[in-house]
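Structure first, commentary second.
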Amino acid sequence: MSPAQIEIQIIASIVAVTCSLLGVFLVLRRMAMMSDAISHTVLLGIVIAFFITKSLNSPLLLFGAALMGVITVSLVELLNRTQLVREDAAIGLVFPAIFSIAVILISRFAGDVHLDTDAVLLGELAFAPFNRVKLFGLDFGPEALYTSGGILVLNLIFVIVFYKELKLATFDPALAAALGFMPTAIHYALMTLVSLTAVGSFDAVGSVLVVAFMIAPPAAAYLLTDRLSRMLIYSALIGIFSAISGYWLAYLLDASIAGSMATMTGASFLISYLFAPERGLLAQARRRQNQRIEFALTMLTMHIANHTAAQEAEIENEVVHLNEHLKWTPQFAMEIVGVAERTGLVQQREGLLTLTENGLKRASQEFSN
Amino acid sequence: MDISQLFYDLFFDYTLRTVALGSAILGIVSGALGSFAVLRKQSLLGDAISHAALPGIVIAFLLTRSREPVILMLGALIAGWLATLFMLKVIRTTRIKDDSALGLVLSVFFGMGLMLLTFTQKLPDATQAGLDKFLFGQAATLLQRDVVTMAVIGALAIALLMTFWKEFKLITFDAEYAASLGYPVRGLDVLLTTLLVIAIVIGLQTVGVVLMSAMIVAPAAAARQWTDKLKFMVILGGLFGAIAGVSGTLISGSAEKLPTGPVIVLCMSVIVLFSMLFAANRGLIWNWFRNLKNRRHLRAQAVLSDLNTLAMQHPNEARGHSSAVLRAMSTNPDGVSLALSQLKEQGYAQELAKDAWALTQAGLDEAGKTSEKEA
């Protein structure tokens with residue numbers, strides 16, 4: 001691996017962790033789409049700040065972007081409060097309008113500078129190592145490393161210092177307000193950080209990838225654990241995995257790094273969705289299957305118990321007749337009888353089923369229910 | 001460029017006419033189908049579908065090596081449709097909520113599209129130039145052939161919408177009732193979502209994936225302000241969409257470096273803003289006036305009733321009462337003098353001497369009527 005490749009992967013991992021830290025709270029607070037809106041509208045903040053400062057490296061750009069993020073959130077809430085449109089529609093009205101203004105401003109007035117919509121939406125991580133911080137003739141590494149690292153530290157401090165407040169405001173905002181934890185202040189602080197993160201990461205990875213890293217790893221982690229602290233750690237790890245594997249996927253295909261990383265966040269989610277130990281699709285299917293077998297076993301013991309004393313026992317309790325009497329397919333009947341024999345619920349003698357002691361106990365337990 | 005020249009071009013300039021026609025068709029179809037999406041609380045579904053269509057477009061190109069709009073649209077349709085189904089499945093089978101599922105599908109599918117797009121661009125025999133116009137849309141590249149395709153597909157979607165009008169209306173407003181009547185709710189749901197996907201796919205080439213969501217939400221949100229009837233909402237939504245499409249095309253055609261998609265979206269935003277402010281019954285300004293009128297009416301009624309109470313205490317003399325007394329009786333002392341002049345204007349009160357107020361006969365009758373109503 002060349003130094004540039006290592007640098008790219010480090011930057012991508014930092015961005016991944018930065019985004020997923022905040023993303024956890026967005027996902028839990030049901031505000032995931034706000035990140036999509038903000039990641040688009042910060043463009044206008046950048047454009048306006050750029051027109052004022054005439055520079056693409058001014059800290060005012062970050063400030064303008066953060067401000068625009070907060071304005072977006074406030075506008076959505078304002079629209080929502082008029083009760084003329086629902087919240088989702090409010091988001092869908094606000095961000096395309098602001099984004100359109102930004103795109104028009106760029107194409108009209110900033111045609112020849114390096115500020116085009118493609119770069120903002122899609123990012124170009126491959127160029128990140130070329131933009132270096134140099135002091136006194138010494139090379140201190142790529143600039144993106146410092147921007148994204150700085151925002152990571154900021155987010156980490158925020159989450160650690162206000163962990164309790166965030167947790168309470170997320171899971172029980174009414175209680176948080178009653179206890180004086182100011183959930184609204186937390187909300188706006190979170191939104192400001194989301195805007196900062198969006199703009200700081202977007203240089204490197206583009207706005208769409210910001211959304212992917214903010215939502216996919218936390219969503220995947222949400223299926224793996226019930227604890228907030230673990231969800232934060234898992235989503236950071238999933239983010240790093242997606243970033244690094246995404247980089248190599250891009251390398252392999254010679255394709256967009258941002259796009260490949262977003263694809264890998266999706267793949268990570270898919271893995272979690274299928275294989276999560278308790279909430280995954282497979283676990284769900286297995287649980288349903290187990291319940292089906294357990295229920296069938298109970299049915300079988302009850303059926304045999306019902307007919308043991310009666311004269312028709314010989315007919316009813318033959319294995320071959322189960323399909324008629326319990327409406328089971330022959331295959332399913334064989335399978336269940338097999339399981340029942342193995343678990344010691346029934347015995348089979350010349351095709352005739354009788355209950356063992358355990359089987360009898362199970363049947364009578366069910367009857368008494 | 002002056003206005004008459006612009007309208008002349010609208011009818012006789014090939015490019016402008018084609019683009020305007022395409023935008024109008026897009027506006028009509030997305031406005032009509034967007035109405036259902038907004039009412040079904042699926043406003044942001046359009047955003048997700050339009051982003052998710054990108055990999056479909058690229059894969060369709062990779063498989064067929066053709067830039068035929070119909071084939072690319074088909075790819076977009078399939079991808080958008082799969083994305084929607086995946087999203088609904090995730091929402092149904094996990095505790096992940098709709099907002100996260102939307103954001104997930106949107107960003108991951110779009111990222112995948114981007115990856116495939118850049119991959120395609122680096123293929124040696126790639127004749128893919130023009131695929132990336134789907135990102136932001138390039139209305140200016142619309143050909144008459146594209147517009148015809150859009151018109152045919154759009155007409156098909158609208159025809160289906162009208163055929164299943166009653167069913168769609170029912171599942172939009174009361175899905176449980178529809179199920180209890182024996183309608184195949186899930187099938188209708190899928191059909192309606194498919195029509196939405198079609199509406200989005202039609203618009204991709206004109207406004208691009210990023211801004212297409214606005215064309216779904218905005219016309220419907222504007223139309224909603226003017227009416228409570230679904231039929232009018234759908235018609236108005238289509239009309240607003242078409243107006244925004246044509247005016248956006250004209251404005252962007254009137255100056256250089258004005259991209260069509262964003263201008264159309266801004267025109268649509270202006271229509272939304274206007275509707276939210278001025279719509280009859282629901283609009284903010286309308287509401288403000290209504291509140292003002294109600295407040296003034298209630299204020300006058302309160303003073304009227306106070307004057308009546310005073311008159312009852314002095315049954316046999318026409319006696320004036322000072323406004324200070326009325327202020328003391330009122331819950332809103334500052335409004336008393338305004339209310340008095342209002343009552344005087346209406347002929348309910350008279351000033352017997354300076355600052356000595358009493359009800360006229362009409363005022364007494366009116367107060368009697370009000371207290372009867374209250375009793």
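Identifiers for the structure tokens are assigned positionally: chains receive A, B, ... in sequence, residues are indexed from 1 per chain, and ligands are indexed from 1 in the order shown.
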
Please report, as JSON lines, each residue of chain B lying at most 8 Å from chain A, together with the nearest pair of atoms and the separation in Å rounded to one decimal; use only C-alpha atoms, and order rows by chain and ascending residue number.
{"residue": "B:Val38", "atom": "CA", "partner": "A:Ala89", "partner_atom": "CA", "distance": 6.8}
{"residue": "B:Lys41", "atom": "CA", "partner": "A:Asp88", "partner_atom": "CA", "distance": 7.2}
{"residue": "B:Gln42", "atom": "CA", "partner": "A:Asp88", "partner_atom": "CA", "distance": 7.6}
{"residue": "B:Ser43", "atom": "CA", "partner": "A:Ala89", "partner_atom": "CA", "distance": 5.2}
{"residue": "B:Leu44", "atom": "CA", "partner": "A:Gly92", "partner_atom": "CA", "distance": 6.2}
{"residue": "B:Asp47", "atom": "CA", "partner": "A:Gly92", "partner_atom": "CA", "distance": 7.8}
{"residue": "B:Thr93", "atom": "CA", "partner": "A:Leu281", "partner_atom": "CA", "distance": 7.6}
{"residue": "B:Thr94", "atom": "CA", "partner": "A:Arg279", "partner_atom": "CA", "distance": 6.9}
{"residue": "B:Arg95", "atom": "CA", "partner": "A:Leu223", "partner_atom": "CA", "distance": 7.8}
{"residue": "B:Ile96", "atom": "CA", "partner": "A:Ala219", "partner_atom": "CA", "distance": 6.9}
{"residue": "B:Lys97", "atom": "CA", "partner": "A:Arg30", "partner_atom": "CA", "distance": 6.9}
{"residue": "B:Asp99", "atom": "CA", "partner": "A:Ala32", "partner_atom": "CA", "distance": 5.5}
{"residue": "B:Ser100", "atom": "CA", "partner": "A:Ala32", "partner_atom": "CA", "distance": 5.1}
{"residue": "B:Leu102", "atom": "CA", "partner": "A:Met33", "partner_atom": "CA", "distance": 7.4}
{"residue": "B:Gly103", "atom": "CA", "partner": "A:Met33", "partner_atom": "CA", "distance": 5.8}
{"residue": "B:Leu104", "atom": "CA", "partner": "A:Ala216", "partner_atom": "CA", "distance": 5.5}
{"residue": "B:Ser107", "atom": "CA", "partner": "A:Ala212", "partner_atom": "CA", "distance": 4.9}
{"residue": "B:Val108", "atom": "CA", "partner": "A:Ala262", "partner_atom": "CA", "distance": 5.2}
{"residue": "B:Phe109", "atom": "CA", "partner": "A:Thr263", "partner_atom": "CA", "distance": 7.2}
{"residue": "B:Phe110", "atom": "CA", "partner": "A:Gly259", "partner_atom": "CA", "distance": 7.5}
{"residue": "B:Gly111", "atom": "CA", "partner": "A:Gly259", "partner_atom": "CA", "distance": 3.9}
{"residue": "B:Met112", "atom": "CA", "partner": "A:Thr263", "partner_atom": "CA", "distance": 5.1}
{"residue": "B:Gly113", "atom": "CA", "partner": "A:Gly259", "partner_atom": "CA", "distance": 7.3}
{"residue": "B:Leu114", "atom": "CA", "partner": "A:Gly259", "partner_atom": "CA", "distance": 5.1}
{"residue": "B:Met115", "atom": "CA", "partner": "A:Gly259", "partner_atom": "CA", "distance": 4.5}
{"residue": "B:Leu116", "atom": "CA", "partner": "A:Ala255", "partner_atom": "CA", "distance": 7.1}
{"residue": "B:Leu117", "atom": "CA", "partner": "A:Ala255", "partner_atom": "CA", "distance": 7.8}
{"residue": "B:Thr118", "atom": "CA", "partner": "A:Ala255", "partner_atom": "CA", "distance": 4.9}
{"residue": "B:Phe119", "atom": "CA", "partner": "A:Ala255", "partner_atom": "CA", "distance": 4.6}
{"residue": "B:Lys122", "atom": "CA", "partner": "A:Asp254", "partner_atom": "CA", "distance": 7.5}
{"residue": "B:Val210", "atom": "CA", "partner": "A:Pro96", "partner_atom": "CA", "distance": 7.8}
{"residue": "B:Leu211", "atom": "CA", "partner": "A:Pro96", "partner_atom": "CA", "distance": 5.8}
{"residue": "B:Ser213", "atom": "CA", "partner": "A:Gly92", "partner_atom": "CA", "distance": 6.8}
{"residue": "B:Ala214", "atom": "CA", "partner": "A:Pro96", "partner_atom": "CA", "distance": 5.9}
{"residue": "B:Val217", "atom": "CA", "partner": "A:Gly92", "partner_atom": "CA", "distance": 6.2}
{"residue": "B:Ala218", "atom": "CA", "partner": "A:Leu93", "partner_atom": "CA", "distance": 6.0}
{"residue": "B:Ala221", "atom": "CA", "partner": "A:Val85", "partner_atom": "CA", "distance": 6.7}
{"residue": "B:Gln225", "atom": "CA", "partner": "A:Leu84", "partner_atom": "CA", "distance": 7.1}
{"residue": "B:Glu256", "atom": "CA", "partner": "A:Arg108", "partner_atom": "CA", "distance": 7.9}
{"residue": "B:Lys257", "atom": "CA", "partner": "A:Arg108", "partner_atom": "CA", "distance": 5.2}
{"residue": "B:Leu258", "atom": "CA", "partner": "A:Ile104", "partner_atom": "CA", "distance": 6.2}
{"residue": "B:Pro259", "atom": "CA", "partner": "A:Ile104", "partner_atom": "CA", "distance": 6.5}
{"residue": "B:Pro262", "atom": "CA", "partner": "A:Ser100", "partner_atom": "CA", "distance": 4.5}
{"residue": "B:Val263", "atom": "CA", "partner": "A:Ser100", "partner_atom": "CA", "distance": 7.1}
{"residue": "B:Val265", "atom": "CA", "partner": "A:Ala97", "partner_atom": "CA", "distance": 6.4}
{"residue": "B:Leu266", "atom": "CA", "partner": "A:Ala97", "partner_atom": "CA", "distance": 5.8}
{"residue": "B:Ser269", "atom": "CA", "partner": "A:Ala97", "partner_atom": "CA", "distance": 6.3}
{"residue": "B:Met276", "atom": "CA", "partner": "A:Leu84", "partner_atom": "CA", "distance": 7.2}
{"residue": "B:Arg282", "atom": "CA", "partner": "A:Leu84", "partner_atom": "CA", "distance": 7.3}
{"residue": "B:Leu284", "atom": "CA", "partner": "A:Thr82", "partner_atom": "CA", "distance": 7.8}

*asked:* Report as a list in words all protein, DNA and RNA residues lying within 7 Å of Ile304 (chain A), evaluated on only C-alpha atoms, omitting residues in the same chain fewer than 3 positions from it.
replied: Leu300, Thr301, His307, Thr308, Asn317, Thr354 and Leu355 of chain A

Those residues with N, CA and C atoms, as a compact mmCIF listing (two decimals), in the first residue's frame please?
# COMPACT_ATOMS: atom_id res chain seq x y z
N LEU A 300 -49.31 -33.35 18.85
CA LEU A 300 -49.14 -34.80 18.73
C LEU A 300 -49.40 -35.48 20.07
N THR A 301 -48.77 -34.95 21.13
CA THR A 301 -48.97 -35.58 22.44
C THR A 301 -50.43 -35.52 22.85
N HIS A 307 -56.64 -40.29 22.50
CA HIS A 307 -57.13 -41.51 21.90
C HIS A 307 -56.56 -42.78 22.49
N THR A 308 -55.72 -42.66 23.53
CA THR A 308 -55.09 -43.86 24.07
C THR A 308 -56.11 -44.83 24.66
N ASN A 317 -53.72 -43.70 16.22
CA ASN A 317 -52.34 -43.44 16.61
C ASN A 317 -51.30 -44.09 15.71
N THR A 354 -47.23 -44.56 21.20
CA THR A 354 -47.70 -44.39 22.58
C THR A 354 -46.86 -43.32 23.24
N LEU A 355 -47.45 -42.67 24.24
CA LEU A 355 -46.73 -41.60 24.92
C LEU A 355 -45.78 -42.17 25.95

*Non-local contacts of region 356-362 of chain B (6 Å; only C-alpha atoms; under 4 positions in same chain excluded) as an MDAnalysis selection string*: chainID B and resid 320:322 348:352

*Out of region 51-299 of chain A, which residues get strand (DSSP E) from DSSP, as number ranges by chain?*
A: 132-135, 138-142

*Tell me, which residues of region 33-231 of chain A carry DSSP helix (DSSP H, G or I), written as a count of residues only?*
156

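With CA of Ala302 (chain B) on one side and CA of Met329 (chain B) on the other, the separation reads 9.6 Å.
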
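The gap separating CA of Glu278 (chain A) from CA of Ala296 (chain A) is 22.9 Å, in Å to one decimal.
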
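For the residues A:Ala285, A:Ala185, A:Thr18, A:Arg342, ranking by smallest atom-to-atom distance to Ala198 (chain A) using only C-alpha atoms places A:Thr18 first.
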
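When the distance limit is 8 Å and only C-alpha atoms are what count, the residues near Ala333 (chain A), minus those fewer than 6 positions from it on the same chain, are Val319, Leu322 and Asn323 of chain A.
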
Would you save the residues from that selection as a short mmCIF file (atom, residue, chain, number, x, y, z; two decimals), in the first residue's frame, using N, CA and C atoms?
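Result went into again-v9.cif, see below:
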data_model
loop_
_atom_site.label_atom_id
_atom_site.label_comp_id
_atom_site.auth_asym_id
_atom_site.auth_seq_id
_atom_site.Cartn_x
_atom_site.Cartn_y
_atom_site.Cartn_z
N VAL A 319 -48.81 -44.01 12.68
CA VAL A 319 -48.08 -42.91 12.06
C VAL A 319 -48.70 -42.54 10.72
N LEU A 322 -51.68 -40.04 10.77
CA LEU A 322 -51.58 -38.69 11.33
C LEU A 322 -51.94 -37.62 10.30
N ASN A 323 -51.57 -37.89 9.06
CA ASN A 323 -51.83 -36.86 8.05
C ASN A 323 -53.31 -36.61 7.87
#

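Atom pair CA of Gly241 (chain B) / CA of Tyr8 (chain B): separated by 22.2 Å.
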
_as a list in words, please: the residues near Glu341 (chain A) (cut-off 10 Å, only C-alpha atoms, same-chain neighbours under 4 positions excluded)._
Glu335, Ile336, Val337, Leu345, Val346, Gln347, Gln348, Leu353, Leu355, Thr356 and Gly359 of chain A
